[in-house]
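Source file protein_39.cif; content: mmCIF, N, CA and C atoms.
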data_run
loop_
_atom_site.label_atom_id
_atom_site.label_comp_id
_atom_site.auth_asym_id
_atom_site.auth_seq_id
_atom_site.Cartn_x
_atom_site.Cartn_y
_atom_site.Cartn_z
N MET D 1 15.27 177.41 109.12
CA MET D 1 16.65 177.64 109.34
C MET D 1 17.24 176.59 110.29
N LEU D 2 16.54 176.20 111.28
CA LEU D 2 16.99 175.20 112.23
C LEU D 2 17.13 173.85 111.54
N SER D 3 16.17 173.54 110.70
CA SER D 3 16.24 172.25 110.01
C SER D 3 17.41 172.25 109.02
N ARG D 4 17.68 173.39 108.42
CA ARG D 4 18.81 173.48 107.50
C ARG D 4 20.12 173.30 108.30
N LEU D 5 20.24 173.90 109.45
CA LEU D 5 21.44 173.74 110.29
C LEU D 5 21.59 172.28 110.74
N LEU D 6 20.45 171.65 111.05
CA LEU D 6 20.47 170.26 111.45
C LEU D 6 20.94 169.38 110.31
N LYS D 7 20.41 169.66 109.09
CA LYS D 7 20.82 168.88 107.92
C LYS D 7 22.30 169.10 107.62
N GLU D 8 22.77 170.32 107.73
CA GLU D 8 24.19 170.59 107.48
C GLU D 8 25.04 169.87 108.52
N HIS D 9 24.59 169.94 109.76
CA HIS D 9 25.32 169.28 110.83
C HIS D 9 25.36 167.77 110.58
N GLN D 10 24.24 167.16 110.23
CA GLN D 10 24.20 165.73 109.96
C GLN D 10 25.05 165.39 108.74
N ALA D 11 25.03 166.26 107.74
CA ALA D 11 25.84 166.02 106.54
C ALA D 11 27.32 166.07 106.90
N LYS D 12 27.71 167.04 107.71
CA LYS D 12 29.11 167.15 108.13
C LYS D 12 29.50 165.94 108.98
N GLN D 13 28.58 165.50 109.86
CA GLN D 13 28.87 164.33 110.69
C GLN D 13 29.03 163.09 109.81
N ASN D 14 28.16 162.94 108.83
CA ASN D 14 28.26 161.78 107.92
C ASN D 14 29.56 161.85 107.14
N GLU D 15 29.90 163.04 106.69
CA GLU D 15 31.15 163.22 105.94
C GLU D 15 32.34 162.89 106.83
N ARG D 16 32.30 163.34 108.09
CA ARG D 16 33.39 163.02 109.03
C ARG D 16 33.44 161.52 109.32
N LYS D 17 32.28 160.89 109.48
CA LYS D 17 32.25 159.44 109.71
C LYS D 17 32.84 158.70 108.51
N GLU D 18 32.46 159.11 107.30
CA GLU D 18 32.99 158.47 106.09
C GLU D 18 34.49 158.68 105.99
N GLN D 19 34.89 159.94 106.28
CA GLN D 19 36.32 160.24 106.22
C GLN D 19 37.07 159.42 107.29
N GLN D 20 36.47 159.33 108.49
CA GLN D 20 37.08 158.56 109.57
C GLN D 20 37.11 157.07 109.20
N GLU D 21 36.06 156.55 108.60
CA GLU D 21 36.01 155.16 108.16
C GLU D 21 37.05 154.91 107.08
N ARG D 22 37.18 155.84 106.14
CA ARG D 22 38.16 155.71 105.06
C ARG D 22 39.57 155.69 105.66
N ARG D 23 39.83 156.59 106.59
CA ARG D 23 41.14 156.64 107.23
C ARG D 23 41.40 155.35 108.04
N ARG D 24 40.35 154.84 108.69
CA ARG D 24 40.49 153.59 109.45
C ARG D 24 40.86 152.45 108.51
N ARG D 25 40.16 152.37 107.35
CA ARG D 25 40.47 151.32 106.36
C ARG D 25 41.89 151.48 105.82
N GLU D 26 42.29 152.71 105.55
CA GLU D 26 43.64 152.97 105.07
C GLU D 26 44.67 152.57 106.12
N ALA D 27 44.38 152.90 107.40
CA ALA D 27 45.29 152.52 108.48
C ALA D 27 45.39 151.00 108.60
N ILE D 28 44.23 150.32 108.48
CA ILE D 28 44.23 148.86 108.55
C ILE D 28 45.01 148.28 107.37
N ALA D 29 44.80 148.85 106.19
CA ALA D 29 45.52 148.37 105.01
C ALA D 29 47.02 148.60 105.17
N ALA D 30 47.39 149.78 105.68
CA ALA D 30 48.81 150.08 105.88
C ALA D 30 49.41 149.14 106.93
N ALA D 31 48.66 148.90 108.02
CA ALA D 31 49.15 147.99 109.05
C ALA D 31 49.29 146.57 108.51
N THR D 32 48.34 146.16 107.67
CA THR D 32 48.41 144.83 107.05
C THR D 32 49.63 144.73 106.15
N CYS D 33 49.87 145.76 105.35
CA CYS D 33 51.05 145.76 104.46
C CYS D 33 52.34 145.71 105.28
N LEU D 34 52.38 146.50 106.35
CA LEU D 34 53.56 146.50 107.20
C LEU D 34 53.78 145.13 107.83
N THR D 35 52.71 144.53 108.32
CA THR D 35 52.81 143.21 108.94
C THR D 35 53.29 142.18 107.93
N GLU D 36 52.73 142.22 106.72
CA GLU D 36 53.16 141.27 105.69
C GLU D 36 54.62 141.48 105.33
N ALA D 37 55.03 142.75 105.24
CA ALA D 37 56.43 143.03 104.90
C ALA D 37 57.36 142.51 106.00
N LEU D 38 56.98 142.73 107.25
CA LEU D 38 57.80 142.24 108.36
C LEU D 38 57.86 140.72 108.38
N VAL D 39 56.71 140.09 108.16
CA VAL D 39 56.68 138.62 108.14
C VAL D 39 57.51 138.09 106.97
N ASP D 40 57.39 138.72 105.81
CA ASP D 40 58.19 138.30 104.65
C ASP D 40 59.68 138.45 104.96
N HIS D 41 60.04 139.56 105.58
CA HIS D 41 61.44 139.78 105.92
C HIS D 41 61.93 138.71 106.90
N LEU D 42 61.12 138.41 107.89
CA LEU D 42 61.49 137.36 108.85
C LEU D 42 61.54 136.00 108.18
N ASN D 43 60.60 135.73 107.29
CA ASN D 43 60.56 134.44 106.60
C ASN D 43 61.80 134.22 105.76
N VAL D 44 62.32 135.29 105.16
CA VAL D 44 63.54 135.15 104.36
C VAL D 44 64.68 134.69 105.26
N GLY D 45 64.78 135.32 106.44
CA GLY D 45 65.83 134.92 107.37
C GLY D 45 65.65 133.51 107.87
N VAL D 46 64.43 133.15 108.18
CA VAL D 46 64.13 131.79 108.65
C VAL D 46 64.42 130.77 107.56
N ALA D 47 64.02 131.11 106.34
CA ALA D 47 64.27 130.19 105.21
C ALA D 47 65.77 130.01 105.01
N GLN D 48 66.53 131.09 105.11
CA GLN D 48 67.98 131.00 104.94
C GLN D 48 68.58 130.17 106.08
N ALA D 49 68.10 130.37 107.29
CA ALA D 49 68.59 129.59 108.42
C ALA D 49 68.27 128.10 108.22
N TYR D 50 67.10 127.80 107.69
CA TYR D 50 66.72 126.41 107.44
C TYR D 50 67.64 125.79 106.39
N VAL D 51 67.90 126.53 105.32
CA VAL D 51 68.80 126.03 104.27
C VAL D 51 70.19 125.80 104.84
N ASN D 52 70.67 126.75 105.63
CA ASN D 52 71.99 126.60 106.25
C ASN D 52 72.03 125.39 107.18
N GLN D 53 70.95 125.19 107.93
CA GLN D 53 70.89 124.04 108.84
C GLN D 53 70.94 122.73 108.07
N ARG D 54 70.24 122.68 106.96
CA ARG D 54 70.26 121.46 106.14
C ARG D 54 71.66 121.20 105.60
N LYS D 55 72.32 122.27 105.15
CA LYS D 55 73.69 122.13 104.65
C LYS D 55 74.61 121.63 105.76
N LEU D 56 74.45 122.21 106.96
CA LEU D 56 75.28 121.78 108.09
C LEU D 56 75.02 120.32 108.44
N ASP D 57 73.77 119.91 108.43
CA ASP D 57 73.44 118.51 108.72
C ASP D 57 74.11 117.58 107.70
N HIS D 58 74.07 117.98 106.44
CA HIS D 58 74.70 117.17 105.39
C HIS D 58 76.21 117.10 105.61
N GLU D 59 76.81 118.23 105.94
CA GLU D 59 78.25 118.26 106.18
C GLU D 59 78.63 117.42 107.39
N VAL D 60 77.80 117.45 108.43
CA VAL D 60 78.06 116.65 109.63
C VAL D 60 78.03 115.16 109.28
N LYS D 61 77.03 114.76 108.50
CA LYS D 61 76.94 113.35 108.10
C LYS D 61 78.16 112.94 107.29
N THR D 62 78.56 113.80 106.35
CA THR D 62 79.73 113.51 105.53
C THR D 62 80.97 113.40 106.40
N LEU D 63 81.11 114.33 107.34
CA LEU D 63 82.27 114.31 108.23
C LEU D 63 82.28 113.05 109.10
N GLN D 64 81.12 112.62 109.56
CA GLN D 64 81.03 111.40 110.36
C GLN D 64 81.48 110.20 109.55
N VAL D 65 81.03 110.12 108.30
CA VAL D 65 81.43 109.00 107.43
C VAL D 65 82.93 109.02 107.21
N GLN D 66 83.47 110.21 106.91
CA GLN D 66 84.91 110.32 106.67
C GLN D 66 85.71 109.99 107.93
N ALA D 67 85.22 110.43 109.09
CA ALA D 67 85.92 110.13 110.34
C ALA D 67 85.90 108.63 110.60
N SER D 68 84.79 107.98 110.31
CA SER D 68 84.70 106.53 110.49
C SER D 68 85.68 105.81 109.56
N GLN D 69 85.73 106.25 108.31
CA GLN D 69 86.66 105.64 107.35
C GLN D 69 88.10 105.86 107.80
N PHE D 70 88.38 107.07 108.28
CA PHE D 70 89.74 107.37 108.75
C PHE D 70 90.10 106.49 109.94
N ALA D 71 89.16 106.29 110.85
CA ALA D 71 89.41 105.44 112.01
C ALA D 71 89.70 104.00 111.58
N LYS D 72 88.94 103.50 110.61
CA LYS D 72 89.18 102.14 110.11
C LYS D 72 90.56 102.05 109.46
N GLN D 73 90.90 103.06 108.65
CA GLN D 73 92.19 103.05 107.98
C GLN D 73 93.32 103.14 109.01
N THR D 74 93.14 103.96 110.02
CA THR D 74 94.15 104.09 111.07
C THR D 74 94.33 102.76 111.80
N ALA D 75 93.23 102.09 112.08
CA ALA D 75 93.31 100.78 112.73
C ALA D 75 94.07 99.79 111.85
N GLN D 76 93.84 99.84 110.55
CA GLN D 76 94.57 98.96 109.64
C GLN D 76 96.06 99.28 109.65
N TRP D 77 96.39 100.58 109.65
CA TRP D 77 97.80 100.98 109.68
C TRP D 77 98.46 100.51 110.98
N ILE D 78 97.76 100.67 112.09
CA ILE D 78 98.31 100.23 113.38
C ILE D 78 98.54 98.73 113.35
N ASN D 79 97.59 97.99 112.79
CA ASN D 79 97.74 96.54 112.69
C ASN D 79 98.94 96.17 111.83
N MET D 80 99.10 96.89 110.71
CA MET D 80 100.24 96.61 109.83
C MET D 80 101.56 96.90 110.54
N VAL D 81 101.63 98.00 111.28
CA VAL D 81 102.87 98.35 111.99
C VAL D 81 103.16 97.31 113.07
N GLU D 82 102.13 96.87 113.79
CA GLU D 82 102.33 95.83 114.81
C GLU D 82 102.83 94.54 114.17
N ASN D 83 102.25 94.17 113.03
CA ASN D 83 102.71 92.96 112.33
C ASN D 83 104.16 93.12 111.87
N PHE D 84 104.49 94.31 111.38
CA PHE D 84 105.86 94.58 110.94
C PHE D 84 106.82 94.48 112.12
N ASN D 85 106.44 95.05 113.26
CA ASN D 85 107.27 94.96 114.46
C ASN D 85 107.48 93.51 114.87
N GLN D 86 106.40 92.74 114.82
CA GLN D 86 106.50 91.33 115.17
C GLN D 86 107.46 90.60 114.22
N ALA D 87 107.35 90.92 112.93
CA ALA D 87 108.25 90.30 111.95
C ALA D 87 109.70 90.68 112.23
N LEU D 88 109.92 91.95 112.58
CA LEU D 88 111.29 92.37 112.91
C LEU D 88 111.81 91.63 114.14
N LYS D 89 110.95 91.44 115.13
CA LYS D 89 111.36 90.70 116.32
C LYS D 89 111.72 89.26 115.96
N GLU D 90 110.90 88.70 115.08
CA GLU D 90 111.18 87.31 114.66
C GLU D 90 112.49 87.23 113.91
N ILE D 91 112.75 88.23 113.05
CA ILE D 91 114.02 88.25 112.33
C ILE D 91 115.17 88.35 113.32
N GLY D 92 115.00 89.21 114.32
CA GLY D 92 116.03 89.33 115.36
C GLY D 92 116.22 88.04 116.10
N ASP D 93 115.12 87.34 116.40
CA ASP D 93 115.22 86.04 117.08
C ASP D 93 115.96 85.03 116.20
N VAL D 94 115.66 85.02 114.91
CA VAL D 94 116.34 84.10 113.99
C VAL D 94 117.82 84.44 113.90
N GLU D 95 118.12 85.74 113.88
CA GLU D 95 119.52 86.16 113.80
C GLU D 95 120.27 85.72 115.06
N ASN D 96 119.66 85.90 116.21
CA ASN D 96 120.30 85.45 117.46
C ASN D 96 120.47 83.94 117.47
N TRP D 97 119.44 83.24 117.00
CA TRP D 97 119.52 81.77 116.92
C TRP D 97 120.67 81.36 116.00
N ALA D 98 120.77 82.06 114.84
CA ALA D 98 121.84 81.73 113.89
C ALA D 98 123.21 81.99 114.52
N ARG D 99 123.38 83.07 115.24
CA ARG D 99 124.65 83.35 115.91
C ARG D 99 124.98 82.27 116.94
N SER D 100 123.93 81.88 117.68
CA SER D 100 124.13 80.85 118.70
C SER D 100 124.57 79.53 118.05
N ILE D 101 123.90 79.17 116.95
CA ILE D 101 124.26 77.94 116.23
C ILE D 101 125.68 78.05 115.68
N GLU D 102 126.01 79.24 115.13
CA GLU D 102 127.35 79.45 114.57
C GLU D 102 128.41 79.28 115.65
N MET D 103 128.16 79.87 116.83
CA MET D 103 129.12 79.74 117.93
C MET D 103 129.25 78.27 118.36
N ASP D 104 128.11 77.59 118.44
CA ASP D 104 128.15 76.17 118.80
C ASP D 104 128.94 75.38 117.75
N MET D 105 128.72 75.68 116.48
CA MET D 105 129.41 74.96 115.40
C MET D 105 130.91 75.24 115.44
N ARG D 106 131.28 76.47 115.75
CA ARG D 106 132.72 76.80 115.86
C ARG D 106 133.34 76.04 117.02
N THR D 107 132.59 75.99 118.12
CA THR D 107 133.10 75.25 119.28
C THR D 107 133.29 73.77 118.93
N ILE D 108 132.29 73.22 118.24
CA ILE D 108 132.37 71.81 117.83
C ILE D 108 133.51 71.62 116.84
N ALA D 109 133.66 72.54 115.88
CA ALA D 109 134.73 72.43 114.88
C ALA D 109 136.10 72.50 115.56
N THR D 110 136.23 73.41 116.53
CA THR D 110 137.49 73.53 117.25
C THR D 110 137.77 72.24 118.02
N ALA D 111 136.73 71.71 118.63
CA ALA D 111 136.91 70.46 119.38
C ALA D 111 137.30 69.33 118.44
N LEU D 112 136.68 69.25 117.27
CA LEU D 112 137.02 68.19 116.32
C LEU D 112 138.44 68.36 115.79
N GLU D 113 138.85 69.58 115.55
CA GLU D 113 140.23 69.81 115.10
C GLU D 113 141.22 69.35 116.17
N TYR D 114 140.86 69.70 117.41
CA TYR D 114 141.73 69.32 118.51
C TYR D 114 141.83 67.81 118.61
N VAL D 115 140.68 67.10 118.46
CA VAL D 115 140.67 65.66 118.55
C VAL D 115 141.41 65.08 117.35
N HIS D 116 141.23 65.62 116.21
CA HIS D 116 141.85 65.10 114.99
C HIS D 116 143.38 65.24 115.03
N LYS D 117 143.86 66.35 115.53
CA LYS D 117 145.30 66.57 115.58
C LYS D 117 145.95 65.76 116.67
N GLY D 118 145.19 65.37 117.60
CA GLY D 118 145.74 64.59 118.70
C GLY D 118 146.18 65.52 119.81
N PRO D 119 146.59 64.92 120.89
CA PRO D 119 147.03 65.76 122.00
C PRO D 119 148.27 66.54 121.59
N ALA D 120 148.35 67.66 122.11
CA ALA D 120 149.50 68.52 121.78
C ALA D 120 150.76 67.88 122.32
N GLN D 121 151.75 67.93 121.51
CA GLN D 121 153.01 67.28 121.93
C GLN D 121 153.80 68.26 122.79
N PRO D 122 154.29 67.72 123.90
CA PRO D 122 155.04 68.62 124.77
C PRO D 122 156.32 69.08 124.06
N THR D 123 156.59 70.26 124.24
CA THR D 123 157.78 70.82 123.63
C THR D 123 158.98 70.50 124.53
N SER D 124 160.06 70.17 123.92
CA SER D 124 161.23 69.83 124.73
C SER D 124 162.02 71.08 125.03
N SER D 125 162.39 71.14 126.24
CA SER D 125 163.16 72.28 126.62
C SER D 125 164.52 71.87 127.04
#
Using structure tokens, write down the structure from this file.
Amino acid sequence: MLSRLLKEHQAKQNERKEQQERRRREAIAAATCLTEALVDHLNVGVAQAYVNQRKLDHEVKTLQVQASQFAKQTAQWINMVENFNQALKEIGDVENWARSIEMDMRTIATALEYVHKGPAQPTSS
């Protein structure tokens, strides 16, 4: 009877050990699945962040190129406006020169008319 109780006890202990081992393996498997699911979930976010970062980098490069082109074009426009202003100043200078010459020519013409007509004759009173 004692040996039978011992065998039953050992059988129950073995059964409990097997059940405990099975539960341990199931817990490890469940923890592994949970860890993989969490890592996969995080990887999706990281992958999306990486894709977004690459898109942003591309957009930054494009914007830099466009800003550089705009700066060059603006410099050309400023140069054109400065040249136009200079041309306007020159036209104004030519106009002033022409007025000055015209006034000088009128003065000379008046003087020549005066010389040609002779001295004014005194009027008799």
Please enclose the listed atoms of region 19-29 of chain D in an axis-aligned box, pad each side by 3 Å, and write out the centre and the three edge lengths in Å, rounded to one decimal, as JSON.
{"center_x": 41.0, "center_y": 154.3, "center_z": 107.3, "size_x": 18.1, "size_y": 18.0, "size_z": 10.6}
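Relative to CA of Ala87 (chain D), atom N of Met105 (chain D) is found at 25.6 Å.
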*How many Å separate atom C of Ala27 (chain D) from atom N of Ala47 (chain D)?*
27.3 Å
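Put simply, atom C of His116 (chain D) is 17.9 Å away from atom C of Asp104 (chain D).
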Please, could N, CA, C and O atoms be added to region 31-54 of chain D and the result written as a PDB file, in the frame of the given file?
ATOM      1  N   ALA D  31      48.660 148.900 108.020  1.00  0.00           N
ATOM      2  CA  ALA D  31      49.150 147.990 109.050  1.00  0.00           C
ATOM      3  C   ALA D  31      49.290 146.570 108.510  1.00  0.00           C
ATOM      4  O   ALA D  31      50.264 145.857 108.819  1.00  0.00           O
ATOM      5  N   THR D  32      48.340 146.160 107.670  1.00  0.00           N
ATOM      6  CA  THR D  32      48.410 144.830 107.050  1.00  0.00           C
ATOM      7  C   THR D  32      49.630 144.730 106.150  1.00  0.00           C
ATOM      8  O   THR D  32      50.358 143.726 106.191  1.00  0.00           O
ATOM      9  N   CYS D  33      49.870 145.760 105.350  1.00  0.00           N
ATOM     10  CA  CYS D  33      51.050 145.760 104.460  1.00  0.00           C
ATOM     11  C   CYS D  33      52.340 145.710 105.280  1.00  0.00           C
ATOM     12  O   CYS D  33      53.270 144.965 104.942  1.00  0.00           O
ATOM     13  N   LEU D  34      52.380 146.500 106.350  1.00  0.00           N
ATOM     14  CA  LEU D  34      53.560 146.500 107.200  1.00  0.00           C
ATOM     15  C   LEU D  34      53.780 145.130 107.830  1.00  0.00           C
ATOM     16  O   LEU D  34      54.894 144.597 107.840  1.00  0.00           O
ATOM     17  N   THR D  35      52.710 144.530 108.320  1.00  0.00           N
ATOM     18  CA  THR D  35      52.810 143.210 108.940  1.00  0.00           C
ATOM     19  C   THR D  35      53.290 142.180 107.930  1.00  0.00           C
ATOM     20  O   THR D  35      54.172 141.360 108.230  1.00  0.00           O
ATOM     21  N   GLU D  36      52.730 142.220 106.720  1.00  0.00           N
ATOM     22  CA  GLU D  36      53.160 141.270 105.690  1.00  0.00           C
ATOM     23  C   GLU D  36      54.620 141.480 105.330  1.00  0.00           C
ATOM     24  O   GLU D  36      55.367 140.517 105.136  1.00  0.00           O
ATOM     25  N   ALA D  37      55.030 142.750 105.240  1.00  0.00           N
ATOM     26  CA  ALA D  37      56.430 143.030 104.900  1.00  0.00           C
ATOM     27  C   ALA D  37      57.360 142.510 106.000  1.00  0.00           C
ATOM     28  O   ALA D  37      58.412 141.915 105.708  1.00  0.00           O
ATOM     29  N   LEU D  38      56.980 142.730 107.250  1.00  0.00           N
ATOM     30  CA  LEU D  38      57.800 142.240 108.360  1.00  0.00           C
ATOM     31  C   LEU D  38      57.860 140.720 108.380  1.00  0.00           C
ATOM     32  O   LEU D  38      58.932 140.121 108.568  1.00  0.00           O
ATOM     33  N   VAL D  39      56.710 140.090 108.160  1.00  0.00           N
ATOM     34  CA  VAL D  39      56.680 138.620 108.140  1.00  0.00           C
ATOM     35  C   VAL D  39      57.510 138.090 106.970  1.00  0.00           C
ATOM     36  O   VAL D  39      58.266 137.123 107.128  1.00  0.00           O
ATOM     37  N   ASP D  40      57.390 138.720 105.810  1.00  0.00           N
ATOM     38  CA  ASP D  40      58.190 138.300 104.650  1.00  0.00           C
ATOM     39  C   ASP D  40      59.680 138.450 104.960  1.00  0.00           C
ATOM     40  O   ASP D  40      60.481 137.571 104.630  1.00  0.00           O
ATOM     41  N   HIS D  41      60.040 139.560 105.580  1.00  0.00           N
ATOM     42  CA  HIS D  41      61.440 139.780 105.920  1.00  0.00           C
ATOM     43  C   HIS D  41      61.930 138.710 106.900  1.00  0.00           C
ATOM     44  O   HIS D  41      63.030 138.174 106.736  1.00  0.00           O
ATOM     45  N   LEU D  42      61.120 138.410 107.890  1.00  0.00           N
ATOM     46  CA  LEU D  42      61.490 137.360 108.850  1.00  0.00           C
ATOM     47  C   LEU D  42      61.540 136.000 108.180  1.00  0.00           C
ATOM     48  O   LEU D  42      62.418 135.183 108.474  1.00  0.00           O
ATOM     49  N   ASN D  43      60.600 135.730 107.290  1.00  0.00           N
ATOM     50  CA  ASN D  43      60.560 134.440 106.600  1.00  0.00           C
ATOM     51  C   ASN D  43      61.800 134.220 105.760  1.00  0.00           C
ATOM     52  O   ASN D  43      62.283 133.090 105.650  1.00  0.00           O
ATOM     53  N   VAL D  44      62.320 135.290 105.160  1.00  0.00           N
ATOM     54  CA  VAL D  44      63.540 135.150 104.360  1.00  0.00           C
ATOM     55  C   VAL D  44      64.680 134.690 105.260  1.00  0.00           C
ATOM     56  O   VAL D  44      65.429 133.774 104.925  1.00  0.00           O
ATOM     57  N   GLY D  45      64.780 135.320 106.440  1.00  0.00           N
ATOM     58  CA  GLY D  45      65.830 134.920 107.370  1.00  0.00           C
ATOM     59  C   GLY D  45      65.650 133.510 107.870  1.00  0.00           C
ATOM     60  O   GLY D  45      66.599 132.739 107.972  1.00  0.00           O
ATOM     61  N   VAL D  46      64.430 133.150 108.180  1.00  0.00           N
ATOM     62  CA  VAL D  46      64.130 131.790 108.650  1.00  0.00           C
ATOM     63  C   VAL D  46      64.420 130.770 107.560  1.00  0.00           C
ATOM     64  O   VAL D  46      65.012 129.718 107.804  1.00  0.00           O
ATOM     65  N   ALA D  47      64.020 131.110 106.340  1.00  0.00           N
ATOM     66  CA  ALA D  47      64.270 130.190 105.210  1.00  0.00           C
ATOM     67  C   ALA D  47      65.770 130.010 105.010  1.00  0.00           C
ATOM     68  O   ALA D  47      66.239 128.882 104.788  1.00  0.00           O
ATOM     69  N   GLN D  48      66.530 131.090 105.110  1.00  0.00           N
ATOM     70  CA  GLN D  48      67.980 131.000 104.940  1.00  0.00           C
ATOM     71  C   GLN D  48      68.580 130.170 106.080  1.00  0.00           C
ATOM     72  O   GLN D  48      69.464 129.346 105.836  1.00  0.00           O
ATOM     73  N   ALA D  49      68.100 130.370 107.290  1.00  0.00           N
ATOM     74  CA  ALA D  49      68.590 129.590 108.420  1.00  0.00           C
ATOM     75  C   ALA D  49      68.270 128.100 108.220  1.00  0.00           C
ATOM     76  O   ALA D  49      69.105 127.234 108.522  1.00  0.00           O
ATOM     77  N   TYR D  50      67.100 127.800 107.690  1.00  0.00           N
ATOM     78  CA  TYR D  50      66.720 126.410 107.440  1.00  0.00           C
ATOM     79  C   TYR D  50      67.640 125.790 106.390  1.00  0.00           C
ATOM     80  O   TYR D  50      68.129 124.652 106.554  1.00  0.00           O
ATOM     81  N   VAL D  51      67.900 126.530 105.320  1.00  0.00           N
ATOM     82  CA  VAL D  51      68.800 126.030 104.270  1.00  0.00           C
ATOM     83  C   VAL D  51      70.190 125.800 104.840  1.00  0.00           C
ATOM     84  O   VAL D  51      70.823 124.761 104.579  1.00  0.00           O
ATOM     85  N   ASN D  52      70.670 126.750 105.630  1.00  0.00           N
ATOM     86  CA  ASN D  52      71.990 126.600 106.250  1.00  0.00           C
ATOM     87  C   ASN D  52      72.030 125.390 107.180  1.00  0.00           C
ATOM     88  O   ASN D  52      73.018 124.657 107.216  1.00  0.00           O
ATOM     89  N   GLN D  53      70.950 125.190 107.930  1.00  0.00           N
ATOM     90  CA  GLN D  53      70.890 124.040 108.840  1.00  0.00           C
ATOM     91  C   GLN D  53      70.940 122.730 108.070  1.00  0.00           C
ATOM     92  O   GLN D  53      71.618 121.785 108.475  1.00  0.00           O
ATOM     93  N   ARG D  54      70.240 122.680 106.960  1.00  0.00           N
ATOM     94  CA  ARG D  54      70.260 121.460 106.140  1.00  0.00           C
ATOM     95  C   ARG D  54      71.660 121.200 105.600  1.00  0.00           C
ATOM     96  O   ARG D  54      72.135 120.058 105.568  1.00  0.00           O
TER      97      ARG D  54
END
